[in-house]
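Colleague: The structure file data29.cif (mmCIF, C-alpha atoms) is provided below.
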```cif
data_structure
#
loop_
_atom_site.group_PDB
_atom_site.id
_atom_site.type_symbol
_atom_site.label_atom_id
_atom_site.label_comp_id
_atom_site.auth_asym_id
_atom_site.auth_seq_id
_atom_site.Cartn_x
_atom_site.Cartn_y
_atom_site.Cartn_z
ATOM 1 C CA MET A 1 57.627 24.517 -29.420
ATOM 2 C CA ASN A 2 56.419 28.084 -29.176
ATOM 3 C CA LYS A 3 59.400 30.257 -28.209
ATOM 4 C CA LYS A 4 57.112 32.536 -26.188
ATOM 5 C CA VAL A 5 56.090 29.588 -23.998
ATOM 6 C CA LYS A 6 59.482 27.934 -23.554
ATOM 7 C CA THR A 7 60.981 29.945 -20.732
ATOM 8 C CA GLN A 8 62.935 29.118 -17.602
ATOM 9 C CA ALA A 9 59.831 29.843 -15.527
ATOM 10 C CA VAL A 10 57.733 27.375 -17.549
ATOM 11 C CA ASP A 11 60.525 24.785 -17.366
ATOM 12 C CA PHE A 12 60.535 25.267 -13.588
ATOM 13 C CA LEU A 13 56.762 24.742 -13.437
ATOM 14 C CA PHE A 14 56.898 21.612 -15.605
ATOM 15 C CA ASP A 15 59.720 20.186 -13.492
ATOM 16 C CA ALA A 16 57.506 20.715 -10.441
ATOM 17 C CA VAL A 17 54.573 18.909 -12.098
ATOM 18 C CA LEU A 18 56.840 16.015 -13.053
ATOM 19 C CA CYS A 19 57.758 15.625 -9.360
ATOM 20 C CA LEU A 20 54.159 14.896 -8.343
ATOM 21 C CA LYS A 21 53.574 11.239 -7.510
ATOM 22 C CA ASN A 22 49.818 10.772 -7.293
ATOM 23 C CA ARG A 23 46.418 12.373 -7.743
ATOM 24 C CA ASP A 24 46.304 13.640 -4.147
ATOM 25 C CA GLU A 25 49.596 15.501 -4.636
ATOM 26 C CA CYS A 26 48.235 16.922 -7.890
ATOM 27 C CA TYR A 27 45.155 18.226 -6.102
ATOM 28 C CA LYS A 28 47.265 19.858 -3.414
ATOM 29 C CA PHE A 29 49.654 21.473 -5.884
ATOM 30 C CA PHE A 30 47.098 22.640 -8.438
ATOM 31 C CA GLU A 31 44.687 23.960 -5.813
ATOM 32 C CA ASP A 32 47.552 26.073 -4.464
ATOM 33 C CA LEU A 33 48.735 27.100 -7.932
ATOM 34 C CA CYS A 34 45.448 27.819 -9.718
ATOM 35 C CA THR A 35 42.189 29.488 -8.923
ATOM 36 C CA VAL A 36 39.168 27.192 -8.903
ATOM 37 C CA ASN A 37 38.013 28.694 -12.217
ATOM 38 C CA GLU A 38 41.436 28.199 -13.843
ATOM 39 C CA LEU A 39 41.554 24.570 -12.798
ATOM 40 C CA LEU A 40 37.989 23.937 -13.937
ATOM 41 C CA SER A 41 38.729 25.598 -17.295
ATOM 42 C CA ILE A 42 41.811 23.449 -17.849
ATOM 43 C CA SER A 43 39.957 20.277 -16.917
ATOM 44 C CA GLN A 44 37.043 21.267 -19.166
ATOM 45 C CA ARG A 45 39.397 21.678 -22.154
ATOM 46 C CA PHE A 46 40.935 18.278 -21.438
ATOM 47 C CA GLU A 47 37.487 16.670 -21.243
ATOM 48 C CA VAL A 48 36.524 18.378 -24.520
ATOM 49 C CA ALA A 49 39.666 16.974 -26.173
ATOM 50 C CA ALA A 50 38.846 13.464 -24.961
ATOM 51 C CA MET A 51 35.301 13.714 -26.269
ATOM 52 C CA LEU A 52 36.508 15.033 -29.633
ATOM 53 C CA LYS A 53 38.927 12.087 -29.873
ATOM 54 C CA ASN A 54 35.908 9.829 -29.301
ATOM 55 C CA HIS A 55 34.108 11.526 -32.207
ATOM 56 C CA CYS A 56 31.458 13.284 -30.126
ATOM 57 C CA THR A 57 29.660 16.154 -31.811
ATOM 58 C CA TYR A 58 30.060 19.777 -30.734
ATOM 59 C CA LEU A 59 26.473 19.696 -29.467
ATOM 60 C CA GLU A 60 27.090 16.591 -27.343
ATOM 61 C CA ILE A 61 30.267 18.134 -25.952
ATOM 62 C CA ALA A 62 28.633 21.473 -25.197
ATOM 63 C CA ASP A 63 25.705 19.736 -23.470
ATOM 64 C CA LYS A 64 27.925 17.511 -21.294
ATOM 65 C CA THR A 65 30.729 19.953 -20.455
ATOM 66 C CA GLY A 66 29.143 23.371 -20.743
ATOM 67 C CA ALA A 67 32.014 24.428 -23.014
ATOM 68 C CA SER A 68 31.323 27.091 -25.605
ATOM 69 C CA THR A 69 31.635 26.255 -29.289
ATOM 70 C CA ALA A 70 34.625 28.625 -29.385
ATOM 71 C CA THR A 71 36.393 26.546 -26.716
ATOM 72 C CA ILE A 72 35.499 23.307 -28.477
ATOM 73 C CA SER A 73 36.788 24.710 -31.766
ATOM 74 C CA ARG A 74 40.051 25.880 -30.163
ATOM 75 C CA VAL A 75 40.636 22.452 -28.622
ATOM 76 C CA ASN A 76 39.773 20.766 -31.927
ATOM 77 C CA ARG A 77 42.344 22.960 -33.689
ATOM 78 C CA SER A 78 44.976 21.900 -31.143
ATOM 79 C CA LEU A 79 44.114 18.246 -31.704
ATOM 80 C CA HIS A 80 44.559 18.576 -35.459
ATOM 81 C CA TYR A 81 47.293 21.183 -35.799
ATOM 82 C CA GLY A 82 48.970 21.309 -32.398
ATOM 83 C CA ASN A 83 52.043 19.611 -30.979
ATOM 84 C CA ASP A 84 50.379 16.198 -30.361
ATOM 85 C CA GLY A 85 50.470 16.764 -26.608
ATOM 86 C CA TYR A 86 46.917 15.510 -26.152
ATOM 87 C CA ASP A 87 47.743 12.374 -28.146
ATOM 88 C CA ILE A 88 50.772 11.609 -25.985
ATOM 89 C CA VAL A 89 48.689 11.792 -22.820
ATOM 90 C CA PHE A 90 45.687 9.895 -24.193
ATOM 91 C CA GLN A 91 47.933 7.057 -25.377
ATOM 92 C CA ARG A 92 49.394 6.733 -21.889
ATOM 93 C CA MET A 93 46.158 6.897 -19.923
ATOM 94 C CA ASP A 94 44.112 3.848 -19.007
ATOM 95 C CA LYS A 95 41.108 3.182 -21.186
ATOM 96 C CA LYS A 96 38.937 2.987 -18.057
ATOM 97 C CA GLU A 97 39.207 6.775 -17.729
ATOM 98 C CA ALA A 98 37.437 7.410 -21.020
ATOM 99 C CA PRO A 99 35.350 10.616 -21.216
ATOM 100 C CA GLU A 100 32.098 8.702 -20.721
ATOM 101 C CA ASP A 101 33.357 7.811 -17.228
ATOM 102 C CA ILE A 102 34.064 11.436 -16.278
ATOM 103 C CA SER A 103 31.389 12.872 -14.018
#
```
Spit out the file's structure as C-alpha cells when you get a sec.
Modeller:
Amino acid sequence: MNKKVKTQAVDFLFDAVLCLKNRDECYKFFEDLCTVNELLSISQRFEVAAMLKNHCTYLEIADKTGASTATISRVNRSLHYGNDGYDIVFQRMDKKEAPEDIS
C-alpha cells in the first residue's frame, strides 16, 4: 500500500463506500462526492481495465471508450504491476456485467 494514499481521510472515505448497500445509493453518494467528469473518468478507467482483462486491443478500447492510449497504458500497468485491486473486484463481479455489456 502506498503510504501517501493510506491516510485517515482515505480510510474514512473507504469506510463510507463500504456502507453503501446498492447501486442507487452509490449514484447518490458519488454524484455528491465527485464532479461528473471525475466520475466518468473513473468509470472509463474501470471499463478499460475490464476490456484489457478480456484481451481487447488498445485500438478497440480507444474506439469503444474514448480513452487515450496514455490512459489505457496506465491502466494496463496497474493490472500487471499494481496491487491486484482490479482482479479482486473482477473475480467478485457477475459475469453478466462483462465489458461487452457496458453501454
Colleague: Find the spatial neighbours of stretch 30-34 of chain A, counting only C-alpha atoms, within a cut-off of 12 Å - ignore same-chain residues fewer than 6 positions away - and output them as a list in words.
Modeller: Leu13, Ala16, Val17, Leu20, Arg23, Asp24, Leu40, Ser41, Ile42 and Ser43 of chain A
Colleague: For A:Phe90, which residue out of A:Asn37, A:Asn2, A:Ser68, A:Asn54 is the nearest one, using only C-alpha atoms?
Modeller: A:Asn54
Colleague: Measuring between only C-alpha atoms, which one of A:Lys4, A:Lys21, A:Arg74, A:Lys28 shows the shortest distance to A:Phe46?
Modeller: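 Checking each of A:Lys4, A:Lys21, A:Arg74, A:Lys28 against A:Phe46, counting only C-alpha atoms, the winner is A:Arg74.
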Colleague: Which residues are near A:Lys53? Cut-off 10 Å, only C-alpha atoms, ignore same chain within fewer than 5 positions. Put them as a PyMOL selection string.
Modeller: chain A and resi 47-48+76+79+86-87+90+99
Colleague: When you draw a straight line from atom CA of A:Ser73 to atom CA of A:Tyr58, how long is it in Å?
Modeller: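 Calculated distance between atom CA of A:Ser73 and atom CA of A:Tyr58 is 8.4 Å.
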Colleague: Mind pulling up the distance from atom CA of A:Phe29 to atom CA of A:Ala62?
Modeller: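 Answer for the atom CA of A:Ala62 to atom CA of A:Phe29 separation: 28.5 Å.
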Colleague: So what do you get for atom CA of A:Gly82 versus atom CA of A:Cys26, distance-wise?
Modeller: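 Those two atoms sit 24.9 Å apart.
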Colleague: Quick one: residues within 8 Å of A:Ala67, all atoms listed in the file counted, chain neighbours fewer than 4 positions away excluded, as a list in words?
Modeller: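 Near neighbours after the sequence-gap exclusion: Gln44, Arg45, Val48, Ile61, Ala62, Asp63, Thr71 and Ile72 of chain A.
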